[in-house]
Amino acid sequence: MKNRTNSQSGYIALVTVIILMAILFIIGASLGISTYFNRADLVAYELKERSYFLAYSCIDIGHYKAWDNLDYTGNEIINIDSETCVIDPITTIGTNTFIEARASSSKNFSHLKMSLDAELTTNGFSEIK
């Protein structure tokens with residue numbers, strides 16, 4: 001009888017170890033997957049931020065050029081380091097002037113719009129979705 005009890009306790013210990021290992025494996029796999037996806041989200045955020053500030057730089061350049069030359073019409077491609085952005089044609093409605101710029105960075109796009117008054121000071125600024 002004593003010999004049978006020892007073999008059952010060994011079997012129970014073996015099954016317990018297998019179950020605990022499976023639980024630890026599942027926990028480790030889920031942590032690894034969530035870390036991977038968090039990292040991918042961070043990269044996407046950084047690329048979106050990069051395209052946003054590239055478009056913002058284009059808006060600044062367009063604002064400066066419009067301030068420097070009242071006949072400036074926009075509609076040009078600006079190179080900044082190895083990146084490019086586009087200043088759309090400048091539109092005027094009443095006394096408001098609108099400058100729009102677009103930029104992309106690895107499939108992340110930003111489209112910004114700045115509103116200027118008659119003295120070319122900023123009235124508003126927004127991202128167009």
# chains A, B, ... in the order shown; residues from 1 in each chain; ligands from 1
$ select_by_dssp --residues "chain A" --states "strand (DSSP E or B)" --output "PyMOL selection string"
chain A and resi 74-80+83-89+91-93+96-105+108-116+122-127
$ write_last_selection --atoms "C-alpha atoms" --output "tab-separated table (two decimals), in the first residue's frame"
chain	number	residue	atom	x	y	z
A	74	GLY	CA	2.13	79.01	-51.98
A	75	ASN	CA	1.75	75.84	-54.10
A	76	GLU	CA	5.30	74.59	-53.61
A	77	ILE	CA	7.22	71.63	-52.32
A	78	ILE	CA	9.63	72.32	-49.46
A	79	ASN	CA	12.61	70.06	-48.71
A	80	ILE	CA	13.64	69.83	-45.06
A	83	GLU	CA	11.86	64.95	-45.95
A	84	THR	CA	9.44	66.95	-48.08
A	85	CYS	CA	6.22	68.75	-47.36
A	86	VAL	CA	3.76	70.62	-49.55
A	87	ILE	CA	2.39	74.12	-49.11
A	88	ASP	CA	-0.98	74.20	-50.86
A	89	PRO	CA	-2.11	77.28	-52.78
A	91	THR	CA	-6.50	81.11	-50.29
A	92	THR	CA	-8.02	84.39	-49.18
A	93	ILE	CA	-11.65	84.78	-48.09
A	96	ASN	CA	-8.69	86.08	-43.82
A	97	THR	CA	-5.83	84.25	-45.50
A	98	PHE	CA	-5.49	80.47	-45.18
A	99	ILE	CA	-2.26	78.52	-45.49
A	100	GLU	CA	-2.44	74.73	-45.66
A	101	ALA	CA	0.45	72.28	-45.56
A	102	ARG	CA	0.67	68.52	-45.93
A	103	ALA	CA	3.43	66.12	-44.97
A	104	SER	CA	3.92	62.40	-44.58
A	105	SER	CA	6.35	60.16	-42.82
A	108	ASN	CA	1.53	58.75	-41.50
A	109	PHE	CA	-0.02	61.90	-42.90
A	110	SER	CA	-0.61	65.34	-41.43
A	111	HIS	CA	-2.63	68.14	-42.99
A	112	LEU	CA	-2.53	71.47	-41.15
A	113	LYS	CA	-4.33	74.75	-41.74
A	114	MET	CA	-3.47	78.21	-40.43
A	115	SER	CA	-5.80	81.19	-40.57
A	116	LEU	CA	-4.28	84.68	-40.78
A	122	THR	CA	-2.38	84.03	-36.68
A	123	ASN	CA	-6.13	83.77	-36.07
A	124	GLY	CA	-6.39	80.03	-35.80
A	125	PHE	CA	-4.55	76.80	-36.33
A	126	SER	CA	-5.96	73.31	-36.81
A	127	GLU	CA	-5.21	69.84	-38.07
$ closest_residue --among "A:Asp81, A:Ile90, A:Asp117, A:Thr35" --to "Ile59 of chain A" --atoms "only C-alpha atoms"
A:Ile90
$ atom_distance --atom1 "atom CA of Ala118 of chain A" --atom2 "atom CA of Asp60 of chain A"
17.0 Å
